[in-house]
>>> print(open('final_12.txt').read())   # compact mmCIF, C-alpha atoms
# COMPACT_ATOMS: atom_id res chain seq x y z
CA MET A 629 177.93 14.85 38.35
CA ASN A 630 175.16 13.10 36.47
CA GLN A 631 173.74 11.05 39.35
CA THR A 632 170.29 11.82 40.69
CA PRO A 633 169.75 12.88 44.33
CA ALA A 634 168.52 9.33 45.03
CA GLN A 635 171.68 7.80 43.60
CA LEU A 636 173.88 10.16 45.60
CA ALA A 637 171.89 9.37 48.75
CA ASP A 638 172.56 5.67 48.08
CA ILE A 639 176.30 6.41 48.14
CA ILE A 640 176.05 8.22 51.49
CA TRP A 641 173.78 5.55 52.97
CA ALA A 642 176.07 2.70 51.94
CA ALA A 643 179.10 4.44 53.47
CA ARG A 644 177.30 5.14 56.71
CA GLN A 645 176.04 1.58 56.98
CA ALA A 646 179.52 0.21 56.39
CA GLY A 647 181.22 2.62 58.80
CA GLN A 648 183.32 4.09 56.01
CA THR A 649 184.18 7.64 55.00
CA LEU A 650 184.48 9.10 51.51
CA ASP A 651 186.03 12.07 49.78
CA ALA A 652 183.22 14.60 49.46
CA GLU A 653 184.28 16.16 46.18
CA ALA A 654 184.97 12.83 44.47
CA SER A 655 181.75 11.24 45.71
CA LEU A 656 179.29 14.13 45.56
CA GLY A 657 180.81 16.94 43.56
CA SER A 658 179.52 20.45 44.31
CA PRO A 659 175.71 20.46 44.27
CA ASP A 660 173.75 23.64 44.88
CA LEU A 661 171.87 23.94 48.17
CA ALA A 662 168.50 22.94 46.73
CA THR A 663 170.03 19.74 45.33
CA ALA A 664 171.79 19.12 48.65
CA TYR A 665 168.47 19.19 50.48
CA ALA A 666 166.98 16.88 47.83
CA ILE A 667 169.81 14.42 48.57
CA GLN A 668 169.13 14.80 52.30
CA ARG A 669 165.43 13.99 51.76
CA ALA A 670 166.34 10.95 49.65
CA LEU A 671 168.70 9.83 52.42
CA LEU A 672 165.89 10.19 54.96
CA ALA A 673 163.65 8.06 52.73
CA LEU A 674 166.24 5.27 52.92
CA ARG A 675 166.34 5.56 56.70
CA LEU A 676 162.56 5.44 56.94
CA ALA A 677 162.48 2.39 54.66
CA ALA A 678 164.92 0.74 57.08
CA GLY A 679 162.43 1.20 59.92
CA GLU A 680 163.53 4.50 61.43
CA ARG A 681 161.01 7.25 62.22
CA VAL A 682 161.43 11.00 62.48
CA VAL A 683 161.41 12.30 66.06
CA GLY A 684 162.67 15.83 65.55
CA TRP A 685 165.20 18.10 63.91
CA LYS A 686 168.68 19.51 64.29
CA LEU A 687 170.02 22.92 63.53
CA GLY A 688 173.63 23.06 62.43
CA TYR A 689 176.06 25.98 62.63
CA THR A 690 173.87 28.35 64.62
CA SER A 691 176.92 29.43 66.65
CA GLU A 692 179.88 31.46 65.44
CA VAL A 693 182.32 29.05 67.11
CA MET A 694 181.02 26.13 65.02
CA ARG A 695 180.95 28.17 61.81
CA ARG A 696 184.57 29.19 62.36
CA GLN A 697 185.66 25.65 63.20
CA MET A 698 184.15 24.12 60.06
CA GLY A 699 184.43 27.04 57.63
CA ILE A 700 180.65 27.18 57.14
CA ASP A 701 179.04 30.60 56.71
CA ARG A 702 175.40 29.92 57.64
CA PRO A 703 173.15 27.44 59.45
CA ASN A 704 171.49 24.38 57.94
CA VAL A 705 168.99 21.79 59.17
CA GLY A 706 168.45 18.05 59.18
CA PRO A 707 166.02 15.47 60.60
CA LEU A 708 166.52 13.34 63.71
CA THR A 709 165.27 9.75 63.89
CA ASP A 710 164.60 7.40 66.77
CA TRP A 711 167.70 5.34 65.90
CA MET A 712 169.83 8.38 66.69
CA LEU A 713 168.63 8.85 70.27
CA LEU A 714 170.81 7.88 73.23
CA GLY A 715 170.47 8.27 76.98
CA SER A 716 173.06 9.94 79.17
CA GLY A 717 176.10 7.71 79.63
CA ASP A 718 175.34 5.51 76.61
CA ALA A 719 178.01 4.59 74.08
CA VAL A 720 177.89 5.81 70.49
CA HIS A 721 177.19 3.28 67.77
CA GLU A 722 180.21 1.58 66.22
CA ARG A 723 179.18 2.86 62.76
CA LEU A 724 180.27 6.34 63.84
CA VAL A 725 183.94 6.07 62.95
CA GLN A 726 184.93 9.72 63.43
CA PRO A 727 182.55 10.97 66.14
CA ARG A 728 182.79 14.43 67.60
CA VAL A 729 180.68 15.85 70.42
CA GLU A 730 179.10 19.25 70.99
CA PRO A 731 176.75 20.34 73.81
CA GLU A 732 173.39 21.74 72.78
CA ILE A 733 170.14 22.88 74.32
CA GLY A 734 167.27 20.68 73.13
CA LEU A 735 163.66 21.87 73.08
CA ARG A 736 160.74 19.44 73.00
CA LEU A 737 157.42 20.69 71.63
CA LYS A 738 154.03 20.14 73.24
CA THR A 739 152.16 21.65 70.28
CA ALA A 740 152.90 21.90 66.56
CA LEU A 741 154.61 24.90 64.97
CA ASP A 742 153.64 25.64 61.38
CA ALA A 743 155.19 28.75 59.85
CA ARG A 744 153.14 28.21 56.68
CA ARG A 745 149.99 29.23 58.54
CA ALA A 746 151.16 31.98 60.89
CA PRO A 747 154.37 33.85 61.71
CA VAL A 748 156.63 32.07 64.19
CA ASP A 749 158.86 34.06 66.53
CA ARG A 750 160.56 33.59 69.90
CA HIS A 751 157.32 34.01 71.83
CA THR A 752 155.37 31.62 69.58
CA VAL A 753 158.06 29.01 70.13
CA ALA A 754 158.09 29.51 73.91
CA ALA A 755 154.35 28.89 74.04
CA ALA A 756 154.78 25.64 72.09
CA VAL A 757 157.68 24.20 74.12
CA GLU A 758 157.13 21.46 76.71
CA GLY A 759 160.63 21.65 78.15
CA ALA A 760 164.33 22.31 77.59
CA TYR A 761 166.88 19.49 77.85
CA ALA A 762 170.63 19.10 78.24
CA CYS A 763 171.81 17.36 75.07
CA LEU A 764 174.99 16.27 73.36
CA GLU A 765 175.01 15.93 69.62
CA VAL A 766 177.41 13.26 68.42
CA VAL A 767 178.28 14.45 64.96
CA HIS A 768 179.64 12.09 62.35
CA SER A 769 180.54 13.03 58.79
CA THR A 770 180.53 10.65 55.85
CA TRP A 771 183.22 12.92 54.43
CA THR A 772 186.77 11.96 55.38
CA GLY A 773 188.38 14.29 57.89
CA TYR A 774 185.30 16.52 58.03
CA ARG A 775 186.38 18.15 54.80
CA PHE A 776 183.27 19.56 53.15
CA ASN A 777 181.42 22.69 52.13
CA LEU A 778 177.93 23.75 53.24
CA GLU A 779 176.16 21.88 50.44
CA GLN A 780 178.09 18.63 50.94
CA ASN A 781 177.44 18.81 54.68
CA THR A 782 173.74 19.47 54.13
CA ALA A 783 173.40 16.46 51.84
CA ASP A 784 175.01 14.35 54.59
CA ASN A 785 172.27 15.42 57.03
CA SER A 786 174.40 18.19 58.52
CA SER A 787 176.76 15.56 59.98
CA ALA A 788 174.05 14.31 62.35
CA GLY A 789 175.16 11.03 63.93
CA GLN A 790 173.39 10.50 67.25
CA VAL A 791 171.93 12.65 70.03
CA VAL A 792 172.29 12.09 73.76
CA VAL A 793 169.17 13.38 75.53
CA GLY A 794 169.96 14.23 79.13
CA PRO A 795 168.01 15.73 82.02
CA ARG A 796 165.37 18.38 81.66
CA LEU A 797 166.75 21.80 82.50
CA PRO A 798 164.87 23.19 85.52
CA VAL A 799 164.21 26.56 83.94
CA THR A 800 161.15 28.47 85.09
CA ASP A 801 161.33 30.99 82.26
CA LEU A 802 162.34 29.83 78.79
CA MET A 803 163.34 33.37 77.93
CA ALA A 804 166.32 32.90 80.27
CA LEU A 805 167.76 30.05 78.18
CA ASP A 806 170.14 32.47 76.48
CA THR A 807 171.99 32.89 79.80
CA VAL A 808 172.47 29.17 80.50
CA ALA A 809 176.22 28.46 80.75
CA VAL A 810 177.56 25.34 79.06
CA ARG A 811 180.88 23.52 79.48
CA LEU A 812 182.19 20.49 77.61
CA HIS A 813 184.79 18.50 79.56
CA ASP A 814 186.58 15.17 79.41
CA GLY A 815 186.93 12.34 81.91
CA ASN A 816 189.68 14.22 83.74
CA ASP A 817 187.47 17.30 84.08
CA HIS A 818 189.58 19.26 81.60
CA THR A 819 187.49 21.97 79.98
CA LEU A 820 187.34 21.50 76.20
CA GLY A 821 184.96 24.34 75.42
CA GLN A 822 182.54 26.80 76.97
CA GLY A 823 179.54 28.76 75.75
CA VAL A 824 176.12 30.13 76.61
CA GLY A 825 172.64 29.57 75.24
CA ALA A 826 172.76 32.87 73.35
CA ASP A 827 175.46 31.38 71.11
CA ALA A 828 172.67 29.44 69.35
CA ASP A 829 171.30 32.02 66.91
CA GLY A 830 171.14 34.68 69.64
CA HIS A 831 168.62 32.57 71.60
CA PRO A 832 167.63 28.88 71.41
CA LEU A 833 164.02 29.94 70.89
CA ASP A 834 165.06 32.04 67.89
CA ALA A 835 166.89 29.00 66.50
CA VAL A 836 163.65 27.00 66.57
CA ALA A 837 161.78 29.87 64.93
CA ARG A 838 164.40 29.80 62.16
CA LEU A 839 163.87 26.07 61.76
CA ALA A 840 160.09 26.51 61.48
CA ARG A 841 160.61 29.03 58.69
CA GLU A 842 163.13 26.80 56.91
CA LEU A 843 160.72 23.87 57.02
CA ALA A 844 157.85 25.99 55.71
CA ALA A 845 159.86 26.55 52.54
CA PHE A 846 159.68 22.77 52.01
CA ASP A 847 155.97 22.66 52.92
CA GLN A 848 156.84 21.04 56.26
CA TRP A 849 156.28 21.90 59.90
CA LEU A 850 157.22 20.91 63.44
CA GLU A 851 155.00 18.29 65.07
CA ALA A 852 153.94 18.06 68.70
CA GLY A 853 156.48 15.86 70.47
CA ASP A 854 159.37 16.81 68.18
CA LEU A 855 162.79 17.33 69.76
CA VAL A 856 164.81 20.18 68.28
CA ILE A 857 168.50 20.49 69.10
CA THR A 858 169.39 24.11 68.59
CA GLY A 859 173.07 24.00 67.61
CA GLY A 860 176.49 23.36 69.13
CA LEU A 861 177.50 25.85 71.84
CA THR A 862 181.19 24.94 71.80
CA LYS A 863 183.50 23.63 69.14
CA ALA A 864 182.98 19.94 68.33
CA CYS A 865 185.55 17.74 70.11
CA GLY A 866 186.65 14.26 69.05
CA LEU A 867 185.46 11.27 71.08
CA GLU A 868 188.24 8.71 71.20
CA VAL A 869 187.86 4.96 71.74
CA GLY A 870 187.53 4.41 75.49
CA GLY A 871 186.81 8.08 76.02
CA ARG A 872 183.97 9.88 77.77
CA LEU A 873 182.83 13.48 77.28
CA THR A 874 180.42 15.37 79.50
CA GLY A 875 178.37 18.50 79.04
CA GLY A 876 177.56 20.63 82.05
CA PHE A 877 174.64 23.08 81.91
CA SER A 878 174.17 25.65 84.69
CA PHE A 879 172.18 28.73 85.54
CA GLY A 880 174.24 30.82 87.94
CA ASP A 881 174.20 29.15 91.34
CA ALA A 882 170.59 28.09 90.90
CA TRP A 883 171.18 24.68 89.33
CA SER A 884 173.57 22.51 87.36
CA VAL A 885 172.93 19.36 85.31
CA GLU A 886 175.19 17.06 83.31
CA VAL A 887 174.87 14.72 80.33
CA ALA A 888 177.59 12.30 79.16
CA VAL A 889 178.49 10.03 76.25
CA GLN A 890 181.23 7.45 75.81
CA ARG A 891 182.84 5.38 73.09
CA GLY A 892 183.62 1.71 73.60
>>> encode(input="final_12.txt", output="structure tokens")
Amino acid sequence: MNQTPAQLADIIWAARQAGQTLDAEASLGSPDLATAYAIQRALLALRLAAGERVVGWKLGYTSEVMRRQMGIDRPNVGPLTDWMLLGSGDAVHERLVQPRVEPEIGLRLKTALDARRAPVDRHTVAAAVEGAYACLEVVHSTWTGYRFNLEQNTADNSSAGQVVVGPRLPVTDLMALDTVAVRLHDGNDHTLGQGVGADADGHPLDAVARLARELAAFDQWLEAGDLVITGGLTKACGLEVGGRLTGGFSFGDAWSVEVAVQRG
């Protein structure tokens, strides 16, 4: 296609604002990954111009179950804004016309992480983290039926719709996050998917280290206060009108917390 990244971002933005979906190939074509990220940055510029502000980042496809479900072969990243944040039990915005839900471990930073200046690994991340949180990502694709490739998904902000930020996980050692068990269930307590923290890139802390390195390639870094959601730990499940989905996070018999989202 001959459109610029800014023009393609306009197409995505208009569809999202109108609560419409589009055919990815007809609307975007097949950009390379560098162009896809340029479209994503142009889309973020439109969101910032509308009054939103960046509050963190998401990692997409860090788990094998999500890569298999969507036919994506590697992770990608995208920004989170304040408009996207929900509290447990809130309803998703009506603009999200094909929402799906996946439970994730969120990490909030107390200090910045800048992989341009020094190597970032699991231990560096642990030292920078203020706390871990039970989260649900509500994904929403501009592309009809979630039919896309990696580049088309990346341009569309890795399908980021909204994020439900639930309770802080009462972990005493962040290194144990890989053993946190996660279950996604519906209003009738039917289990829709199960996973563990290790499904996110081997360890949620490693997922954040990956993000720091990815951002460094764009001359960016993680700020103090940023929330990073580290990737879906189960397959993404559709949230129907009138429905409610809940994520349960537990550490053996030591503790269990839940976070929920609904659709009016």
>>> axis_aligned_box(input="final_12.txt", around="range 740-758 of chain A", padding_each_side="6 Å", output="lines of an AutoDock Vina configuration file")
center_x = 155.3
center_y = 27.8
center_z = 66.7
size_x = 22.6
size_y = 24.6
size_z = 32.0
>>> closest_atom_pairs(input="final_12.txt", of="range 728-832 of chain A", to="range 885-889 of chain A", cutoff="12 Å", atoms="only C-alpha atoms", output="JSON lines")
{"residue": "A:Arg728", "atom": "CA", "partner": "A:Val889", "partner_atom": "CA", "distance": 10.6}
{"residue": "A:Val729", "atom": "CA", "partner": "A:Val889", "partner_atom": "CA", "distance": 8.5}
{"residue": "A:Glu730", "atom": "CA", "partner": "A:Val889", "partner_atom": "CA", "distance": 10.6}
{"residue": "A:Pro731", "atom": "CA", "partner": "A:Val887", "partner_atom": "CA", "distance": 8.8}
{"residue": "A:Glu732", "atom": "CA", "partner": "A:Val887", "partner_atom": "CA", "distance": 10.4}
{"residue": "A:Ile733", "atom": "CA", "partner": "A:Val887", "partner_atom": "CA", "distance": 11.2}
{"residue": "A:Ala760", "atom": "CA", "partner": "A:Val885", "partner_atom": "CA", "distance": 11.9}
{"residue": "A:Tyr761", "atom": "CA", "partner": "A:Val885", "partner_atom": "CA", "distance": 9.6}
{"residue": "A:Ala762", "atom": "CA", "partner": "A:Val887", "partner_atom": "CA", "distance": 6.4}
{"residue": "A:Cys763", "atom": "CA", "partner": "A:Val887", "partner_atom": "CA", "distance": 6.6}
{"residue": "A:Leu764", "atom": "CA", "partner": "A:Val887", "partner_atom": "CA", "distance": 7.1}
{"residue": "A:Glu765", "atom": "CA", "partner": "A:Val889", "partner_atom": "CA", "distance": 9.5}
{"residue": "A:Val766", "atom": "CA", "partner": "A:Val889", "partner_atom": "CA", "distance": 8.5}
{"residue": "A:Gln790", "atom": "CA", "partner": "A:Val889", "partner_atom": "CA", "distance": 10.4}
{"residue": "A:Val791", "atom": "CA", "partner": "A:Val889", "partner_atom": "CA", "distance": 9.4}
{"residue": "A:Val792", "atom": "CA", "partner": "A:Val889", "partner_atom": "CA", "distance": 7.0}
{"residue": "A:Val793", "atom": "CA", "partner": "A:Val887", "partner_atom": "CA", "distance": 7.6}
{"residue": "A:Gly794", "atom": "CA", "partner": "A:Val887", "partner_atom": "CA", "distance": 5.1}
{"residue": "A:Pro795", "atom": "CA", "partner": "A:Val885", "partner_atom": "CA", "distance": 6.9}
{"residue": "A:Arg796", "atom": "CA", "partner": "A:Val885", "partner_atom": "CA", "distance": 8.5}
{"residue": "A:Leu797", "atom": "CA", "partner": "A:Val885", "partner_atom": "CA", "distance": 7.2}
{"residue": "A:Pro798", "atom": "CA", "partner": "A:Val885", "partner_atom": "CA", "distance": 8.9}
{"residue": "A:Val799", "atom": "CA", "partner": "A:Val885", "partner_atom": "CA", "distance": 11.4}
{"residue": "A:Val808", "atom": "CA", "partner": "A:Val885", "partner_atom": "CA", "distance": 10.9}
{"residue": "A:Ala809", "atom": "CA", "partner": "A:Val885", "partner_atom": "CA", "distance": 10.7}
{"residue": "A:Val810", "atom": "CA", "partner": "A:Glu886", "partner_atom": "CA", "distance": 9.6}
{"residue": "A:Arg811", "atom": "CA", "partner": "A:Glu886", "partner_atom": "CA", "distance": 9.4}
{"residue": "A:Leu812", "atom": "CA", "partner": "A:Ala888", "partner_atom": "CA", "distance": 9.5}
{"residue": "A:His813", "atom": "CA", "partner": "A:Ala888", "partner_atom": "CA", "distance": 9.5}
{"residue": "A:Asp814", "atom": "CA", "partner": "A:Ala888", "partner_atom": "CA", "distance": 9.4}
{"residue": "A:Gly815", "atom": "CA", "partner": "A:Ala888", "partner_atom": "CA", "distance": 9.7}
>>> closest_residue(input="final_12.txt", among="A:Ala719, A:Leu713, A:Leu833, A:Met698", to="Thr752 in chain A", atoms="all atoms listed in the file")
A:Leu833
>>> atom_distance(input="final_12.txt", atom1="CA of Ala804 in chain A", atom2="CA of Glu758 in chain A")
15.1 Å
>>> atom_distance(input="final_12.txt", atom1="CA of Arg695 in chain A", atom2="CA of Gly853 in chain A")
28.7 Å
>>> residues_around(input="final_12.txt", residues="Glu692 in chain A", least_positions_apart="2", cutoff="10 Å", atoms="all atoms listed in the file", output="PyMOL selection string")
chain A and resi 689-690+694-697+700-703+827-829+860-863
>>> atom_distance(input="final_12.txt", atom1="CA of Arg669 in chain A", atom2="CA of Phe846 in chain A")
10.5 Å
>>> closest_residue(input="final_12.txt", among="A:Leu661, A:Ala643, A:Ala634, A:Val705", to="Leu843 in chain A", atoms="all atoms listed in the file")
A:Val705
>>> closest_residue(input="final_12.txt", among="A:Leu820, A:Leu802, A:Ala754, A:Val836", to="Leu687 in chain A", atoms="all atoms listed in the file")
A:Val836
>>> residues_around(input="final_12.txt", residues="Gly706 in chain A", least_positions_apart="2", cutoff="8 Å", atoms="all atoms listed in the file", output="short mmCIF file (atom, residue, chain, number, x, y, z; two decimals) with C-alpha atoms, keeping the file's coordinate frame")
data_model
loop_
_atom_site.label_atom_id
_atom_site.label_comp_id
_atom_site.auth_asym_id
_atom_site.auth_seq_id
_atom_site.Cartn_x
_atom_site.Cartn_y
_atom_site.Cartn_z
CA GLN A 668 169.13 14.80 52.30
CA TRP A 685 165.20 18.10 63.91
CA LYS A 686 168.68 19.51 64.29
CA LEU A 687 170.02 22.92 63.53
CA GLY A 688 173.63 23.06 62.43
CA ASN A 704 171.49 24.38 57.94
CA LEU A 708 166.52 13.34 63.71
CA THR A 782 173.74 19.47 54.13
CA ASN A 785 172.27 15.42 57.03
CA SER A 786 174.40 18.19 58.52
CA ALA A 788 174.05 14.31 62.35
#
>>> closest_residue(input="final_12.txt", among="A:Arg744, A:His721, A:His818, A:His768", to="Leu850 in chain A", atoms="only C-alpha atoms")
A:Arg744
>>> closest_residue(input="final_12.txt", among="A:Gly789, A:Arg891, A:Pro633, A:Asn777", to="Gly870 in chain A", atoms="all atoms listed in the file")
A:Arg891
>>> residues_around(input="final_12.txt", residues="Ala852 in chain A", least_positions_apart="4", cutoff="7 Å", atoms="all atoms listed in the file", output="list in words")
Leu737, Lys738, Thr739 and Ala740 of chain A
>>> closest_residue(input="final_12.txt", among="A:Ser691, A:Thr709, A:Ser658, A:Thr770", to="Gly823 in chain A", atoms="all atoms listed in the file")
A:Ser691
>>> residues_near_point(input="final_12.txt", point="(183.0, 10.6, 64.2)", cutoff="7 Å", atoms="all atoms listed in the file", output="mmCIF file with C-alpha atoms, in the frame of the given file")
data_model
loop_
_atom_site.group_PDB
_atom_site.id
_atom_site.type_symbol
_atom_site.label_atom_id
_atom_site.label_comp_id
_atom_site.auth_asym_id
_atom_site.auth_seq_id
_atom_site.Cartn_x
_atom_site.Cartn_y
_atom_site.Cartn_z
ATOM 1 C CA LEU A 724 180.270 6.340 63.840
ATOM 2 C CA VAL A 725 183.940 6.070 62.950
ATOM 3 C CA GLN A 726 184.930 9.720 63.430
ATOM 4 C CA PRO A 727 182.550 10.970 66.140
ATOM 5 C CA ARG A 728 182.790 14.430 67.600
ATOM 6 C CA VAL A 767 178.280 14.450 64.960
ATOM 7 C CA HIS A 768 179.640 12.090 62.350
ATOM 8 C CA SER A 769 180.540 13.030 58.790
#
>>> residues_around(input="final_12.txt", residues="Arg675 in chain A", least_positions_apart="5", cutoff="10 Å", atoms="all atoms listed in the file", output="ChimeraX atom specification")
/A:641,669-670,680-682,709,711
>>> decode(input="final_12.txt", residues="range 748-758 of chain A", atoms="all heavy atoms", output="compact mmCIF listing (two decimals), in the first residue's frame")
# COMPACT_ATOMS: atom_id res chain seq x y z
N VAL A 748 19.67 -5.46 31.47
CA VAL A 748 18.50 -5.71 32.30
C VAL A 748 18.19 -7.20 32.26
O VAL A 748 18.00 -7.77 31.18
CB VAL A 748 17.28 -4.90 31.82
CG1 VAL A 748 16.02 -5.29 32.60
CG2 VAL A 748 17.54 -3.41 31.93
N ASP A 749 18.15 -7.83 33.44
CA ASP A 749 17.80 -9.24 33.53
C ASP A 749 16.76 -9.43 34.62
O ASP A 749 16.21 -8.46 35.17
CB ASP A 749 19.04 -10.10 33.79
CG ASP A 749 19.75 -9.76 35.10
OD1 ASP A 749 19.16 -9.04 35.96
OD2 ASP A 749 20.89 -10.23 35.29
N ARG A 750 16.44 -10.68 34.93
CA ARG A 750 15.41 -10.99 35.92
C ARG A 750 15.68 -10.30 37.25
O ARG A 750 14.76 -9.76 37.88
CB ARG A 750 15.36 -12.51 36.12
CG ARG A 750 14.34 -12.98 37.10
CD ARG A 750 14.39 -14.49 37.31
NE ARG A 750 14.19 -15.23 36.07
CZ ARG A 750 14.08 -16.56 36.02
NH1 ARG A 750 14.16 -17.28 37.13
NH2 ARG A 750 13.90 -17.17 34.86
N HIS A 751 16.92 -10.30 37.69
CA HIS A 751 17.24 -9.73 39.00
C HIS A 751 17.15 -8.21 38.98
O HIS A 751 16.71 -7.58 39.96
CB HIS A 751 18.62 -10.21 39.44
CG HIS A 751 18.71 -11.70 39.53
ND1 HIS A 751 18.20 -12.40 40.60
CD2 HIS A 751 19.22 -12.63 38.67
CE1 HIS A 751 18.40 -13.71 40.41
NE2 HIS A 751 19.02 -13.86 39.25
N THR A 752 17.57 -7.59 37.88
CA THR A 752 17.43 -6.14 37.74
C THR A 752 15.97 -5.74 37.81
O THR A 752 15.61 -4.75 38.47
CB THR A 752 18.01 -5.68 36.38
OG1 THR A 752 19.27 -6.27 36.18
CG2 THR A 752 18.12 -4.16 36.33
N VAL A 753 15.13 -6.50 37.13
CA VAL A 753 13.69 -6.21 37.14
C VAL A 753 13.13 -6.36 38.54
O VAL A 753 12.38 -5.50 39.02
CB VAL A 753 12.94 -7.12 36.15
CG1 VAL A 753 11.44 -6.91 36.27
CG2 VAL A 753 13.40 -6.84 34.72
N ALA A 754 13.46 -7.45 39.23
CA ALA A 754 12.94 -7.68 40.58
C ALA A 754 13.27 -6.52 41.50
O ALA A 754 12.43 -6.10 42.31
CB ALA A 754 13.50 -8.98 41.14
N ALA A 755 14.46 -5.97 41.37
CA ALA A 755 14.86 -4.85 42.22
C ALA A 755 14.09 -3.58 41.90
O ALA A 755 13.97 -2.68 42.75
CB ALA A 755 16.36 -4.60 42.07
N ALA A 756 13.54 -3.49 40.68
CA ALA A 756 12.83 -2.28 40.26
C ALA A 756 11.33 -2.35 40.48
O ALA A 756 10.63 -1.35 40.31
CB ALA A 756 13.11 -2.00 38.78
N VAL A 757 10.81 -3.54 40.85
CA VAL A 757 9.37 -3.74 40.93
C VAL A 757 8.83 -3.35 42.30
O VAL A 757 9.36 -3.76 43.34
CB VAL A 757 9.01 -5.21 40.61
CG1 VAL A 757 7.57 -5.53 40.99
CG2 VAL A 757 9.23 -5.48 39.13
N GLU A 758 7.73 -2.59 42.28
CA GLU A 758 7.02 -2.21 43.52
C GLU A 758 6.09 -3.30 43.98
O GLU A 758 5.93 -3.56 45.18
CB GLU A 758 6.24 -0.91 43.27
CG GLU A 758 5.29 -0.50 44.39
CD GLU A 758 3.88 -1.07 44.20
OE1 GLU A 758 3.43 -1.16 43.06
OE2 GLU A 758 3.25 -1.44 45.22
